[in-house]
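Here is the structure we will look at.
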Amino acid sequence: MSGTSAIPLPSVRPEGRPFDPPDAFHRLRAEEPLRKVSLPDGSALWLVSRDRDVRRVLVDRRFGTARTPDLLRPAGPDLEARRVGNLLRLDPPEHTRVRRLLVDAFTPSRIRGMRADLERTVSDALDALERMRPPVDLVAHFTLPVPSLAICALLGVPYADREGFQRRTTTLLDFARPTEQVAAAAAEAHAYMADLVARERKRPGDGLLGSLVREHADTLTDAELIGLANHLLEAGHETVAAMLSLGTFLLLHEPEAADRLRDTEDPTSIADAMEELLRYLSVIPYGLPRTALTDVVIGDHTIAAGDHIVVSLASANRDEAVHDRPDRFDPDRRPTPHLAFGHGTHHCLGAQLARMQLGIAIPALLRRFPTLSCAVPPERVRLRASSAVYGVAELPVTW
């Protein structure tokens, strides 16, 4: 990659402002919306920071993920085994073929049909929380169990196995973990799901994994089933857990917004507030890096075939050209299209399920515990700053 020298990839959030992306993005959006950046190992790639350019890259099939190395974890293990079946690592037509097999499980009517079960899950978790003596870690006892139960029920994964897959996912997403730990977690995840797939092959259950075995036994290989199920399991609980915990942490800083959510039963008001949380927090700061399959011109720059490019979803969601006063959290904001779930081919398949979980869990938590507050000073809340999914590692609360 020739031309202008690269600057470090913006990664450090401003001190005392855990909900804001790096300040560098203000200048980049205004002056250098397409910029070469460097990674810790010295490799370089293009960074896209404006909403319109991010959307363009995400729908442009001249950029692919299938042949892109794991750039954000340059010392990581070989990913070939984990690419198989992983929707994020597939390009059309393979991506289209695999994703099509899942569409029926995520239709609006199927998601609506899960609402009663999700409400029971949230209510049971709140009952258990209420029986505890504060302070309590909200992550361990609410924001992680709720989406874990939901994705286990959807896939047909035993909830009793949650400790293992939660631990492995945390390791796999943490860029600061040593290579050996990441490789071990990847191997464990593969072995776990291989055993589960083998059991489903013999006796398919009622979950999505069993359905895939029954309906597509001859078209999906074991490797594809393992990769697909691991991807859905990891993404299905980790991102929602991050939004629940970070969203709650934010609302503890915004008592007026919390009160409005606590007091309203209006579905539209709740939905609008959840969209604002998704936009404002952007728990997935960067999209998966892509590789130019041919020369692509964006603005005044040519992205040469073979060059790598990454989009900042967090920066795009704070773009002044799209969102009025974007650095202000406003739960009454009239929703504007955001990129928290990505865009284009890899738009999150479970977006509606995630929205439903947020809209049920956060208001219910605030109503059950009207005096909910942080049990430690906010600056002592431990954040997952080195993870691909930004969030709160622990959230001690009292009431």
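Starting from 1 in every chain, residues are counted up; chains themselves are A, B, ... following the order of the structure tokens, and ligands are numbered from 1 as listed.
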inquiry  = Give me, as a PyMOL selection string, the residues of region 82-315 of chain A that a backbone DSSP run labels strand (DSSP E).
reply    = chain A and resi 136-137+290-292+296-298+301-303+308-311
Atoms kept (C-alpha atoms) for selection, written as a PDB file, in the first residue's frame:
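Final file, result.pdb:
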ATOM      1  CA  VAL A 136     -24.469  -7.959  42.569  1.00  0.00           C
ATOM      2  CA  ASP A 137     -22.648  -8.204  39.249  1.00  0.00           C
ATOM      3  CA  ARG A 290     -12.345  -6.774   3.749  1.00  0.00           C
ATOM      4  CA  THR A 291     -10.034  -7.185   0.775  1.00  0.00           C
ATOM      5  CA  ALA A 292     -10.412  -5.382  -2.547  1.00  0.00           C
ATOM      6  CA  VAL A 296     -11.964   0.346  -6.497  1.00  0.00           C
ATOM      7  CA  VAL A 297     -12.154   4.141  -6.590  1.00  0.00           C
ATOM      8  CA  ILE A 298     -13.624   5.863  -3.528  1.00  0.00           C
ATOM      9  CA  HIS A 301      -8.420   7.403  -3.672  1.00  0.00           C
ATOM     10  CA  THR A 302      -7.938   4.132  -5.486  1.00  0.00           C
ATOM     11  CA  ILE A 303      -8.109   1.036  -3.330  1.00  0.00           C
ATOM     12  CA  HIS A 308      -7.387  -4.349   2.908  1.00  0.00           C
ATOM     13  CA  ILE A 309     -10.091  -2.017   4.178  1.00  0.00           C
ATOM     14  CA  VAL A 310     -12.049  -1.688   7.418  1.00  0.00           C
ATOM     15  CA  VAL A 311     -15.124   0.388   8.220  1.00  0.00           C
TER      16      VAL A 311
END
task = Go through region 37-245 of chain A and collect every residue that DSSP, computed from the backbone, puts in helix (DSSP H, G or I); the answer should be as a PyMOL selection string.
result = chain A and resi 51-59+80-83+87-89+94-100+103-106+108-112+115-130+138-143+145-155+159-173+179-202+208-216+222-245
Please list as a PDB file with all heavy atoms, in the first residue's frame every residue within 12 Å of Leu118 (chain A), counting only C-alpha atoms and excluding residues in the same chain fewer than 6 positions away.
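Heads up, here's the output in selection.pdb:
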ATOM      1  N   ILE A 111     -39.888 -14.538  15.054  1.00  0.00           N
ATOM      2  CA  ILE A 111     -39.336 -13.748  16.150  1.00  0.00           C
ATOM      3  C   ILE A 111     -40.453 -13.308  17.100  1.00  0.00           C
ATOM      4  O   ILE A 111     -40.308 -13.391  18.328  1.00  0.00           O
ATOM      5  CB  ILE A 111     -38.567 -12.526  15.609  1.00  0.00           C
ATOM      6  CG1 ILE A 111     -37.385 -12.979  14.730  1.00  0.00           C
ATOM      7  CG2 ILE A 111     -38.078 -11.655  16.764  1.00  0.00           C
ATOM      8  CD1 ILE A 111     -36.409 -13.883  15.414  1.00  0.00           C
ATOM      9  N   ARG A 112     -41.556 -12.846  16.556  1.00  0.00           N
ATOM     10  CA  ARG A 112     -42.691 -12.451  17.414  1.00  0.00           C
ATOM     11  C   ARG A 112     -43.165 -13.633  18.256  1.00  0.00           C
ATOM     12  O   ARG A 112     -43.579 -13.458  19.406  1.00  0.00           O
ATOM     13  CB  ARG A 112     -43.841 -11.899  16.567  1.00  0.00           C
ATOM     14  CG  ARG A 112     -43.593 -10.509  15.986  1.00  0.00           C
ATOM     15  CD  ARG A 112     -44.884  -9.906  15.454  1.00  0.00           C
ATOM     16  NE  ARG A 112     -45.425 -10.675  14.343  1.00  0.00           N
ATOM     17  CZ  ARG A 112     -45.120 -10.473  13.061  1.00  0.00           C
ATOM     18  NH1 ARG A 112     -44.256  -9.513  12.731  1.00  0.00           N
ATOM     19  NH2 ARG A 112     -45.660 -11.205  12.103  1.00  0.00           N
ATOM     20  N   ASP A 124     -37.881 -14.472  35.063  1.00  0.00           N
ATOM     21  CA  ASP A 124     -37.216 -15.445  35.940  1.00  0.00           C
ATOM     22  C   ASP A 124     -35.843 -14.939  36.381  1.00  0.00           C
ATOM     23  O   ASP A 124     -35.451 -15.111  37.546  1.00  0.00           O
ATOM     24  CB  ASP A 124     -37.059 -16.787  35.217  1.00  0.00           C
ATOM     25  CG  ASP A 124     -38.379 -17.513  35.018  1.00  0.00           C
ATOM     26  OD1 ASP A 124     -39.370 -17.121  35.665  1.00  0.00           O
ATOM     27  OD2 ASP A 124     -38.420 -18.466  34.219  1.00  0.00           O
ATOM     28  N   ALA A 125     -35.113 -14.312  35.449  1.00  0.00           N
ATOM     29  CA  ALA A 125     -33.796 -13.776  35.799  1.00  0.00           C
ATOM     30  C   ALA A 125     -33.918 -12.644  36.810  1.00  0.00           C
ATOM     31  O   ALA A 125     -33.105 -12.529  37.731  1.00  0.00           O
ATOM     32  CB  ALA A 125     -33.086 -13.287  34.540  1.00  0.00           C
ATOM     33  N   PRO A 145     -26.849 -14.028  31.215  1.00  0.00           N
ATOM     34  CA  PRO A 145     -27.760 -15.183  31.189  1.00  0.00           C
ATOM     35  C   PRO A 145     -28.945 -15.034  30.240  1.00  0.00           C
ATOM     36  O   PRO A 145     -29.339 -16.006  29.587  1.00  0.00           O
ATOM     37  CB  PRO A 145     -28.245 -15.282  32.644  1.00  0.00           C
ATOM     38  CG  PRO A 145     -27.168 -14.658  33.441  1.00  0.00           C
ATOM     39  CD  PRO A 145     -26.637 -13.537  32.590  1.00  0.00           C
ATOM     40  N   VAL A 146     -29.537 -13.838  30.146  1.00  0.00           N
ATOM     41  CA  VAL A 146     -30.749 -13.673  29.331  1.00  0.00           C
ATOM     42  C   VAL A 146     -30.495 -14.013  27.854  1.00  0.00           C
ATOM     43  O   VAL A 146     -31.177 -14.864  27.279  1.00  0.00           O
ATOM     44  CB  VAL A 146     -31.344 -12.262  29.503  1.00  0.00           C
ATOM     45  CG1 VAL A 146     -32.382 -11.977  28.414  1.00  0.00           C
ATOM     46  CG2 VAL A 146     -31.984 -12.134  30.884  1.00  0.00           C
ATOM     47  N   PRO A 147     -29.521 -13.393  27.170  1.00  0.00           N
ATOM     48  CA  PRO A 147     -29.303 -13.762  25.770  1.00  0.00           C
ATOM     49  C   PRO A 147     -28.716 -15.159  25.603  1.00  0.00           C
ATOM     50  O   PRO A 147     -28.943 -15.805  24.560  1.00  0.00           O
ATOM     51  CB  PRO A 147     -28.341 -12.684  25.263  1.00  0.00           C
ATOM     52  CG  PRO A 147     -27.668 -12.158  26.481  1.00  0.00           C
ATOM     53  CD  PRO A 147     -28.679 -12.247  27.574  1.00  0.00           C
ATOM     54  N   SER A 148     -27.997 -15.643  26.603  1.00  0.00           N
ATOM     55  CA  SER A 148     -27.466 -17.005  26.514  1.00  0.00           C
ATOM     56  C   SER A 148     -28.600 -18.021  26.503  1.00  0.00           C
ATOM     57  O   SER A 148     -28.602 -18.977  25.717  1.00  0.00           O
ATOM     58  CB  SER A 148     -26.511 -17.283  27.678  1.00  0.00           C
ATOM     59  OG  SER A 148     -25.370 -16.459  27.611  1.00  0.00           O
ATOM     60  N   LEU A 149     -29.570 -17.827  27.383  1.00  0.00           N
ATOM     61  CA  LEU A 149     -30.746 -18.703  27.384  1.00  0.00           C
ATOM     62  C   LEU A 149     -31.487 -18.638  26.061  1.00  0.00           C
ATOM     63  O   LEU A 149     -31.913 -19.663  25.508  1.00  0.00           O
ATOM     64  CB  LEU A 149     -31.685 -18.302  28.522  1.00  0.00           C
ATOM     65  CG  LEU A 149     -31.484 -18.989  29.867  1.00  0.00           C
ATOM     66  CD1 LEU A 149     -32.253 -18.258  30.954  1.00  0.00           C
ATOM     67  CD2 LEU A 149     -31.953 -20.442  29.793  1.00  0.00           C
ATOM     68  N   ALA A 150     -31.633 -17.434  25.518  1.00  0.00           N
ATOM     69  CA  ALA A 150     -32.381 -17.258  24.277  1.00  0.00           C
ATOM     70  C   ALA A 150     -31.705 -17.964  23.101  1.00  0.00           C
ATOM     71  O   ALA A 150     -32.362 -18.666  22.325  1.00  0.00           O
ATOM     72  CB  ALA A 150     -32.551 -15.771  23.978  1.00  0.00           C
ATOM     73  N   ILE A 151     -30.393 -17.800  22.969  1.00  0.00           N
ATOM     74  CA  ILE A 151     -29.714 -18.407  21.824  1.00  0.00           C
ATOM     75  C   ILE A 151     -29.615 -19.921  22.001  1.00  0.00           C
ATOM     76  O   ILE A 151     -29.679 -20.677  21.024  1.00  0.00           O
ATOM     77  CB  ILE A 151     -28.326 -17.773  21.588  1.00  0.00           C
ATOM     78  CG1 ILE A 151     -27.813 -18.133  20.189  1.00  0.00           C
ATOM     79  CG2 ILE A 151     -27.338 -18.184  22.650  1.00  0.00           C
ATOM     80  CD1 ILE A 151     -28.658 -17.621  19.042  1.00  0.00           C
ATOM     81  N   ALA A 153     -31.892 -21.788  23.447  1.00  0.00           N
ATOM     82  CA  ALA A 153     -33.218 -22.294  23.085  1.00  0.00           C
ATOM     83  C   ALA A 153     -33.415 -22.294  21.579  1.00  0.00           C
ATOM     84  O   ALA A 153     -33.974 -23.240  21.010  1.00  0.00           O
ATOM     85  CB  ALA A 153     -34.295 -21.450  23.767  1.00  0.00           C
ATOM     86  N   LEU A 154     -32.938 -21.257  20.917  1.00  0.00           N
ATOM     87  CA  LEU A 154     -33.106 -21.162  19.468  1.00  0.00           C
ATOM     88  C   LEU A 154     -32.310 -22.242  18.747  1.00  0.00           C
ATOM     89  O   LEU A 154     -32.822 -22.919  17.843  1.00  0.00           O
ATOM     90  CB  LEU A 154     -32.669 -19.780  18.981  1.00  0.00           C
ATOM     91  CG  LEU A 154     -32.738 -19.539  17.469  1.00  0.00           C
ATOM     92  CD1 LEU A 154     -34.174 -19.593  16.981  1.00  0.00           C
ATOM     93  CD2 LEU A 154     -32.107 -18.201  17.106  1.00  0.00           C
ATOM     94  N   LEU A 353     -34.327 -10.184  16.569  1.00  0.00           N
ATOM     95  CA  LEU A 353     -34.313 -10.905  17.847  1.00  0.00           C
ATOM     96  C   LEU A 353     -33.560 -10.090  18.892  1.00  0.00           C
ATOM     97  O   LEU A 353     -33.985  -9.998  20.049  1.00  0.00           O
ATOM     98  CB  LEU A 353     -33.664 -12.275  17.660  1.00  0.00           C
ATOM     99  CG  LEU A 353     -33.524 -13.131  18.926  1.00  0.00           C
ATOM    100  CD1 LEU A 353     -34.877 -13.376  19.583  1.00  0.00           C
ATOM    101  CD2 LEU A 353     -32.844 -14.454  18.586  1.00  0.00           C
ATOM    102  N   ALA A 354     -32.461  -9.495  18.496  1.00  0.00           N
ATOM    103  CA  ALA A 354     -31.693  -8.655  19.424  1.00  0.00           C
ATOM    104  C   ALA A 354     -32.526  -7.464  19.889  1.00  0.00           C
ATOM    105  O   ALA A 354     -32.548  -7.122  21.087  1.00  0.00           O
ATOM    106  CB  ALA A 354     -30.409  -8.168  18.758  1.00  0.00           C
ATOM    107  N   ARG A 355     -33.218  -6.819  18.962  1.00  0.00           N
ATOM    108  CA  ARG A 355     -34.061  -5.674  19.315  1.00  0.00           C
ATOM    109  C   ARG A 355     -35.137  -6.086  20.327  1.00  0.00           C
ATOM    110  O   ARG A 355     -35.423  -5.359  21.287  1.00  0.00           O
ATOM    111  CB  ARG A 355     -34.722  -5.102  18.060  1.00  0.00           C
ATOM    112  CG  ARG A 355     -33.793  -4.305  17.151  1.00  0.00           C
ATOM    113  CD  ARG A 355     -34.562  -3.755  15.957  1.00  0.00           C
ATOM    114  NE  ARG A 355     -33.814  -2.726  15.271  1.00  0.00           N
ATOM    115  CZ  ARG A 355     -33.202  -2.890  14.094  1.00  0.00           C
ATOM    116  NH1 ARG A 355     -33.240  -4.073  13.492  1.00  0.00           N
ATOM    117  NH2 ARG A 355     -32.551  -1.891  13.535  1.00  0.00           N
ATOM    118  N   MET A 356     -35.744  -7.252  20.092  1.00  0.00           N
ATOM    119  CA  MET A 356     -36.784  -7.702  21.001  1.00  0.00           C
ATOM    120  C   MET A 356     -36.224  -7.938  22.395  1.00  0.00           C
ATOM    121  O   MET A 356     -36.833  -7.540  23.406  1.00  0.00           O
ATOM    122  CB  MET A 356     -37.435  -8.987  20.485  1.00  0.00           C
ATOM    123  CG  MET A 356     -38.538  -9.514  21.397  1.00  0.00           C
ATOM    124  SD  MET A 356     -39.268 -11.056  20.830  1.00  0.00           S
ATOM    125  CE  MET A 356     -40.215 -10.449  19.429  1.00  0.00           C
ATOM    126  N   GLN A 357     -35.060  -8.553  22.487  1.00  0.00           N
ATOM    127  CA  GLN A 357     -34.461  -8.814  23.792  1.00  0.00           C
ATOM    128  C   GLN A 357     -34.165  -7.513  24.533  1.00  0.00           C
ATOM    129  O   GLN A 357     -34.430  -7.390  25.737  1.00  0.00           O
ATOM    130  CB  GLN A 357     -33.183  -9.636  23.625  1.00  0.00           C
ATOM    131  CG  GLN A 357     -33.439 -11.065  23.163  1.00  0.00           C
ATOM    132  CD  GLN A 357     -32.155 -11.850  23.047  1.00  0.00           C
ATOM    133  OE1 GLN A 357     -31.597 -12.293  24.046  1.00  0.00           O
ATOM    134  NE2 GLN A 357     -31.680 -12.048  21.833  1.00  0.00           N
ATOM    135  N   LEU A 358     -33.614  -6.534  23.822  1.00  0.00           N
ATOM    136  CA  LEU A 358     -33.318  -5.246  24.453  1.00  0.00           C
ATOM    137  C   LEU A 358     -34.597  -4.576  24.936  1.00  0.00           C
ATOM    138  O   LEU A 358     -34.662  -4.053  26.056  1.00  0.00           O
ATOM    139  CB  LEU A 358     -32.599  -4.330  23.462  1.00  0.00           C
ATOM    140  CG  LEU A 358     -31.208  -4.744  22.991  1.00  0.00           C
ATOM    141  CD1 LEU A 358     -30.702  -3.764  21.929  1.00  0.00           C
ATOM    142  CD2 LEU A 358     -30.235  -4.811  24.152  1.00  0.00           C
ATOM    143  N   GLY A 359     -35.608  -4.569  24.081  1.00  0.00           N
ATOM    144  CA  GLY A 359     -36.857  -3.878  24.402  1.00  0.00           C
ATOM    145  C   GLY A 359     -37.631  -4.518  25.534  1.00  0.00           C
ATOM    146  O   GLY A 359     -38.456  -3.861  26.188  1.00  0.00           O
ATOM    147  N   ILE A 360     -37.387  -5.795  25.767  1.00  0.00           N
ATOM    148  CA  ILE A 360     -38.034  -6.473  26.900  1.00  0.00           C
ATOM    149  C   ILE A 360     -37.201  -6.322  28.164  1.00  0.00           C
ATOM    150  O   ILE A 360     -37.700  -5.970  29.230  1.00  0.00           O
ATOM    151  CB  ILE A 360     -38.244  -7.978  26.580  1.00  0.00           C
ATOM    152  CG1 ILE A 360     -39.281  -8.156  25.465  1.00  0.00           C
ATOM    153  CG2 ILE A 360     -38.671  -8.740  27.834  1.00  0.00           C
ATOM    154  CD1 ILE A 360     -39.392  -9.583  24.961  1.00  0.00           C
ATOM    155  N   ALA A 361     -35.893  -6.604  28.048  1.00  0.00           N
ATOM    156  CA  ALA A 361     -35.051  -6.736  29.237  1.00  0.00           C
ATOM    157  C   ALA A 361     -34.746  -5.417  29.932  1.00  0.00           C
ATOM    158  O   ALA A 361     -34.816  -5.339  31.170  1.00  0.00           O
ATOM    159  CB  ALA A 361     -33.745  -7.448  28.859  1.00  0.00           C
ATOM    160  N   ALA A 364     -37.818  -3.821  31.724  1.00  0.00           N
ATOM    161  CA  ALA A 364     -38.228  -4.689  32.838  1.00  0.00           C
ATOM    162  C   ALA A 364     -37.262  -4.563  34.009  1.00  0.00           C
ATOM    163  O   ALA A 364     -37.676  -4.540  35.178  1.00  0.00           O
ATOM    164  CB  ALA A 364     -38.304  -6.139  32.360  1.00  0.00           C
TER     165      ALA A 364
END
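Distances here use only C-alpha atoms; by that measure, the residue among A:Ser386, A:Ser245, A:Thr294, A:Thr264 closest to Cys374 (chain A) is A:Ser245.
For Ser11 (chain A), the non-local neighbours within 7 Å, defined as residues at least 2 positions apart in the same chain or in other chains and counting only C-alpha atoms, are Leu9, Arg13 and Pro22 of chain A.
Counting only C-alpha atoms and comparing A:Leu172, A:Leu47, A:Ala258, A:Val213, the residue that lies closest to Pro363 (chain A) is A:Ala258.
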ask   = Using only C-alpha atoms, which residues sit within 7 Å of Leu313 (chain A) once same-chain residues fewer than 6 positions away are excluded, as a PyMOL selection string?
value = chain A and resi 282+285-287+339-340
key: Surrounding residues of region 100-105 of chain A excluding itself and chain neighbours under 2 positions, 9 Å, only C-alpha atoms, as a PyMOL selection string   = chain A and resi 95-98+107+110-111+154+208+212+216+349
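Closest approach to Ala305 (chain A) from the set A:Val182, A:Val381, A:Leu293, A:Leu155 is made by A:Leu293, with distances taken over only C-alpha atoms.
For the choices A:Ala393, A:Leu126, A:Ala316, A:Ala183, the atom-to-atom distance to Ala30 (chain A) is smallest for A:Ala316 when using only C-alpha atoms.
If you look at CA of Gly85 (chain A) and CA of Ala304 (chain A), they are 28.2 Å away from each other.
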